[in-house]
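Colleague: Take this structure first; my questions come after.
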Amino acid sequence: KRIFAPEVVDSRLLSHEGNLWRAALQLKRKKFLTAILNTEYEIERREDRGSWILYSRSTKSAEVENGVELPAGQGRGYLWRLNAYWLIEPQANGVYLECRSISLTRDIPTGLAWAIRPIVASLPKESLEATFAAIQKAVR
């Protein structure tokens with residue numbers, strides 16, 4: 001949460017055993033509407049010839065409305081699942097980072113599509129840009 005604020009409001013480690021971590025993040029994204037999500041992930045790290053490969057798979061994504069976490073599958077459906085696959089490779093002049101992510105949303109209700117579709121469509125790119133900017137700032 002220190003590095004990835006303001007998008008990551010809260011973070012905590014749920015468990016760590018060997019190369020497997022479980023983490024919880026509360027995400028907040030404000031555009032036209034504000035979306036707050038309680039999410040959980042399983043993160044697996046593998047090493048390959050001096051590089052790290054990280055597999056981050058979401059196991060929970062629940063919207064928060066008026067401070068209350070909604071049951072799974074309820075809410076506006078901004079983010080249903082988020083998986084990210086990272087390659088972290090040391091280079092002579094720094095570190096090479098590659099991230100491929102897959103984000104899934106639920107169907108957007110027809111009456112709200114005009115307001116929600118632009119948010120949902122731009123969220124993945126903007127979130128990834130913010131992630132890389134935060135990483136770059138942290139290592140400097």
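Naming works like this for the structure tokens: A, B, ... for the chains as they're shown, residue 1 at the start of each chain, ligands 1 onward in shown order.
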Determine, counting only C-alpha atoms, which protein, DNA and RNA residues have an atom within 12 Å of an atom of stretch 46-48 of chain A; residues of the same chain fewer than 4 positions away are not included. Present the result as a list in words.

Modeller: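 The neighbour list is Gly18, Asn19, Leu20, Trp52, Ile53, Leu54, Tyr55, Ser56, Tyr85, Trp86, Leu87, Ile88, Glu89 and Pro90 of chain A.
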
Colleague: Tell me which protein, DNA and RNA residues are within 7 Å of A:Ser58, counting only C-alpha atoms, leaving out same-chain ones fewer than 2 positions away, and put them as a list of chain:residue names.

Modeller: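 Non-adjacent residues within range: A:Glu40, A:Tyr41, A:Glu42, A:Ser56, A:Lys60, A:Arg81, A:Leu82, A:Asn83.
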
Colleague: Rank A:Asn38, A:Ser51, A:Gln26, A:Ser61 by their smallest atom-to-atom distance to A:Lys1, using only C-alpha atoms, and report the top residue only.

Modeller: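 Distance minimum relative to A:Lys1 lands on A:Gln26.
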
Colleague: May I have all residues of stretch 24-134 of chain A that DSSP, computed from the backbone, assigns to helix (DSSP H, G or I), given as a list in words?

Modeller: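 Going through stretch 24-134 of chain A, the helix (DSSP H, G or I) residues come out as Thr110, Gly111, Leu112, Ala113, Trp114, Ala115, Ile116, Arg117, Pro118, Ile119, Val120, Ala121, Ser122, Leu123, Pro124, Lys125, Glu126, Ser127, Leu128, Glu129, Ala130, Thr131, Phe132, Ala133 and Ala134 of chain A.
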
Colleague: Which residues come within 12 Å of stretch 5-10 of chain A, counting only C-alpha atoms, excluding same-chain residues fewer than 3 positions away, as a PyMOL selection string?

Modeller: chain A and resi 1-2+13+23-31+34-40+123+126-131+133-135+137-138

Colleague: With distances taken over only C-alpha atoms, which of A:Ile43, A:Thr110, A:Gly94, A:Ile116 is nearest to A:Leu79?

Modeller: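 Residue with the minimum atom-to-atom distance to A:Leu79: A:Ile116.
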
Colleague: For A:Ser15, which residue out of A:Val68, A:Glu44, A:Phe32, A:Glu98 is the nearest one, using only C-alpha atoms?

Modeller: A:Glu44

Colleague: Kindly indicate which residue among A:Val95, A:Trp21, A:Arg106, A:Val120 lies nearest to A:Ala72, using only C-alpha atoms for the distances.

Modeller: A:Arg106

Colleague: What's around A:Ala113 at 12 Å? Count only C-alpha atoms, leave out sequence neighbours fewer than 6 positions away in its own chain, and write the answer as an NGL selection string.

Modeller: :A and (76-78 or 106-107 or 119-121)

Colleague: Since we have the selection now, will you write its residues out, keeping all heavy atoms, as an mmCIF file, in the first residue's frame?

Modeller:
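Result file follows (selection_14.cif):
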```cif
data_model
loop_
_atom_site.group_PDB
_atom_site.id
_atom_site.type_symbol
_atom_site.label_atom_id
_atom_site.label_comp_id
_atom_site.auth_asym_id
_atom_site.auth_seq_id
_atom_site.Cartn_x
_atom_site.Cartn_y
_atom_site.Cartn_z
ATOM 1 N N ARG A 76 -21.372 -3.952 -9.360
ATOM 2 C CA ARG A 76 -21.353 -3.508 -10.755
ATOM 3 C C ARG A 76 -20.482 -4.373 -11.661
ATOM 4 O O ARG A 76 -20.487 -4.197 -12.862
ATOM 5 C CB ARG A 76 -20.918 -2.047 -10.808
ATOM 6 C CG ARG A 76 -21.982 -1.143 -10.173
ATOM 7 C CD ARG A 76 -21.495 0.239 -10.025
ATOM 8 N NE ARG A 76 -20.697 0.299 -8.805
ATOM 9 C CZ ARG A 76 -20.485 1.391 -8.110
ATOM 10 N NH1 ARG A 76 -20.949 2.524 -8.521
ATOM 11 N NH2 ARG A 76 -19.752 1.353 -7.025
ATOM 12 N N GLY A 77 -19.687 -5.260 -11.083
ATOM 13 C CA GLY A 77 -18.930 -6.197 -11.909
ATOM 14 C C GLY A 77 -17.697 -5.636 -12.571
ATOM 15 O O GLY A 77 -17.282 -6.114 -13.622
ATOM 16 N N TYR A 78 -17.100 -4.598 -11.981
ATOM 17 C CA TYR A 78 -15.900 -3.987 -12.579
ATOM 18 C C TYR A 78 -14.783 -5.006 -12.777
ATOM 19 O O TYR A 78 -14.114 -5.005 -13.793
ATOM 20 C CB TYR A 78 -15.357 -2.869 -11.692
ATOM 21 C CG TYR A 78 -16.256 -1.667 -11.596
ATOM 22 C CD1 TYR A 78 -16.681 -1.208 -10.365
ATOM 23 C CD2 TYR A 78 -16.658 -0.992 -12.734
ATOM 24 C CE1 TYR A 78 -17.489 -0.091 -10.266
ATOM 25 C CE2 TYR A 78 -17.471 0.108 -12.643
ATOM 26 C CZ TYR A 78 -17.885 0.565 -11.408
ATOM 27 O OH TYR A 78 -18.688 1.650 -11.322
ATOM 28 N N ARG A 106 -17.794 -8.850 -15.283
ATOM 29 C CA ARG A 106 -19.093 -9.447 -15.570
ATOM 30 C C ARG A 106 -19.784 -8.592 -16.632
ATOM 31 O O ARG A 106 -19.339 -7.489 -16.953
ATOM 32 C CB ARG A 106 -19.928 -9.513 -14.293
ATOM 33 C CG ARG A 106 -19.375 -10.533 -13.306
ATOM 34 C CD ARG A 106 -20.375 -10.910 -12.210
ATOM 35 N NE ARG A 106 -21.288 -9.880 -11.780
ATOM 36 C CZ ARG A 106 -21.014 -8.993 -10.820
ATOM 37 N NH1 ARG A 106 -19.865 -9.000 -10.186
ATOM 38 N NH2 ARG A 106 -21.916 -8.105 -10.471
ATOM 39 N N ASP A 107 -20.896 -9.090 -17.160
ATOM 40 C CA ASP A 107 -21.665 -8.316 -18.127
ATOM 41 C C ASP A 107 -22.090 -6.990 -17.514
ATOM 42 O O ASP A 107 -22.427 -6.912 -16.323
ATOM 43 C CB ASP A 107 -22.912 -9.085 -18.572
ATOM 44 C CG ASP A 107 -22.585 -10.233 -19.498
ATOM 45 O OD1 ASP A 107 -21.494 -10.216 -20.110
ATOM 46 O OD2 ASP A 107 -23.408 -11.153 -19.606
ATOM 47 N N ILE A 119 -15.167 2.995 -18.197
ATOM 48 C CA ILE A 119 -14.356 2.717 -17.007
ATOM 49 C C ILE A 119 -13.744 1.330 -17.112
ATOM 50 O O ILE A 119 -12.545 1.144 -16.938
ATOM 51 C CB ILE A 119 -15.209 2.840 -15.721
ATOM 52 C CG1 ILE A 119 -15.688 4.275 -15.543
ATOM 53 C CG2 ILE A 119 -14.419 2.372 -14.502
ATOM 54 C CD1 ILE A 119 -16.733 4.450 -14.472
ATOM 55 N N VAL A 120 -14.590 0.352 -17.420
ATOM 56 C CA VAL A 120 -14.123 -1.024 -17.513
ATOM 57 C C VAL A 120 -13.093 -1.176 -18.620
ATOM 58 O O VAL A 120 -12.088 -1.860 -18.462
ATOM 59 C CB VAL A 120 -15.327 -1.978 -17.714
ATOM 60 C CG1 VAL A 120 -14.865 -3.382 -18.047
ATOM 61 C CG2 VAL A 120 -16.202 -1.986 -16.469
ATOM 62 N N ALA A 121 -13.310 -0.516 -19.743
ATOM 63 C CA ALA A 121 -12.395 -0.640 -20.882
ATOM 64 C C ALA A 121 -11.035 -0.015 -20.604
ATOM 65 O O ALA A 121 -10.009 -0.516 -21.060
ATOM 66 C CB ALA A 121 -13.023 -0.001 -22.118
#
```

Colleague: Can you pull out every residue from chain A that DSSP, working from the backbone, puts in strand (DSSP E or B), and format the result as a ChimeraX atom specification?

Modeller: /A:8-17,20-30,34-48,51-65,68-69,81-91,94-104

Colleague: Would you mind exporting C-alpha atoms of the selected residues as a compact mmCIF listing (two decimals), in the first residue's frame?

Modeller:
```txt
# COMPACT_ATOMS: atom_id res chain seq x y z
CA VAL A 8 -3.97 0.10 -3.36
CA VAL A 9 -5.71 1.36 -0.22
CA ASP A 10 -4.77 -1.53 2.04
CA SER A 11 -2.63 -4.65 1.78
CA ARG A 12 -1.77 -7.57 3.99
CA LEU A 13 0.03 -10.87 3.75
CA LEU A 14 -2.33 -13.76 4.49
CA SER A 15 0.25 -16.54 4.35
CA HIS A 16 3.69 -17.46 3.02
CA GLU A 17 5.07 -20.92 2.55
CA LEU A 20 3.78 -19.43 -2.49
CA TRP A 21 2.21 -16.31 -0.99
CA ARG A 22 -1.40 -15.38 -0.31
CA ALA A 23 -2.12 -11.67 -0.15
CA ALA A 24 -5.13 -9.40 0.24
CA LEU A 25 -5.45 -5.99 -1.39
CA GLN A 26 -8.15 -3.38 -1.15
CA LEU A 27 -8.22 -1.55 -4.48
CA LYS A 28 -9.77 1.83 -5.15
CA ARG A 29 -10.27 3.30 -8.57
CA LYS A 30 -11.97 6.64 -9.12
CA THR A 34 -15.62 5.12 -7.56
CA ALA A 35 -14.97 1.40 -7.34
CA ILE A 36 -13.63 -0.21 -4.15
CA LEU A 37 -12.73 -3.89 -4.29
CA ASN A 38 -11.53 -6.36 -1.67
CA THR A 39 -9.32 -8.81 -3.53
CA GLU A 40 -7.17 -11.82 -2.66
CA TYR A 41 -4.39 -13.46 -4.65
CA GLU A 42 -2.18 -16.53 -4.72
CA ILE A 43 1.29 -15.61 -5.91
CA GLU A 44 3.80 -18.24 -6.95
CA ARG A 45 7.46 -17.45 -7.65
CA ARG A 46 9.70 -19.60 -9.80
CA GLU A 47 13.33 -19.02 -10.68
CA ASP A 48 14.76 -19.69 -14.12
CA SER A 51 15.21 -14.55 -13.55
CA TRP A 52 12.05 -14.65 -11.51
CA ILE A 53 8.70 -15.67 -12.93
CA LEU A 54 5.67 -14.68 -10.84
CA TYR A 55 2.19 -16.05 -11.29
CA SER A 56 -0.43 -13.94 -9.52
CA ARG A 57 -3.94 -15.37 -9.64
CA SER A 58 -6.91 -13.74 -8.00
CA THR A 59 -8.97 -15.95 -5.76
CA LYS A 60 -11.48 -13.32 -4.62
CA SER A 61 -12.86 -10.05 -5.92
CA ALA A 62 -15.71 -8.45 -3.97
CA GLU A 63 -17.03 -4.93 -4.38
CA VAL A 64 -17.38 -2.69 -1.34
CA GLU A 65 -20.39 -0.39 -1.16
CA VAL A 68 -19.80 -3.09 3.35
CA GLU A 69 -18.34 -5.94 1.29
CA ARG A 81 -10.85 -11.90 -11.75
CA LEU A 82 -7.33 -10.58 -12.33
CA ASN A 83 -4.36 -12.76 -13.17
CA ALA A 84 -0.90 -11.33 -13.82
CA TYR A 85 2.18 -13.09 -15.13
CA TRP A 86 5.48 -11.33 -14.43
CA LEU A 87 9.00 -11.85 -15.72
CA ILE A 88 11.68 -10.09 -13.66
CA GLU A 89 15.09 -10.32 -15.28
CA PRO A 90 18.32 -8.63 -14.13
CA GLN A 91 20.13 -6.70 -16.87
CA GLY A 94 18.92 -2.37 -14.49
CA VAL A 95 16.00 -4.76 -14.37
CA TYR A 96 13.69 -5.85 -17.17
CA LEU A 97 10.04 -6.19 -16.13
CA GLU A 98 7.37 -7.75 -18.26
CA CYS A 99 3.79 -8.15 -17.19
CA ARG A 100 0.97 -9.85 -18.99
CA SER A 101 -2.38 -9.59 -17.30
CA ILE A 102 -5.85 -10.92 -17.84
CA SER A 103 -8.79 -9.14 -16.25
CA LEU A 104 -12.34 -10.37 -16.41
```

Colleague: What does the distance from atom CA of A:Phe4 to atom CA of A:Gly67 come to in Å, to one decimal?

Modeller: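 According to the coordinates, atom CA of A:Phe4 and atom CA of A:Gly67 are separated by 21.1 Å.
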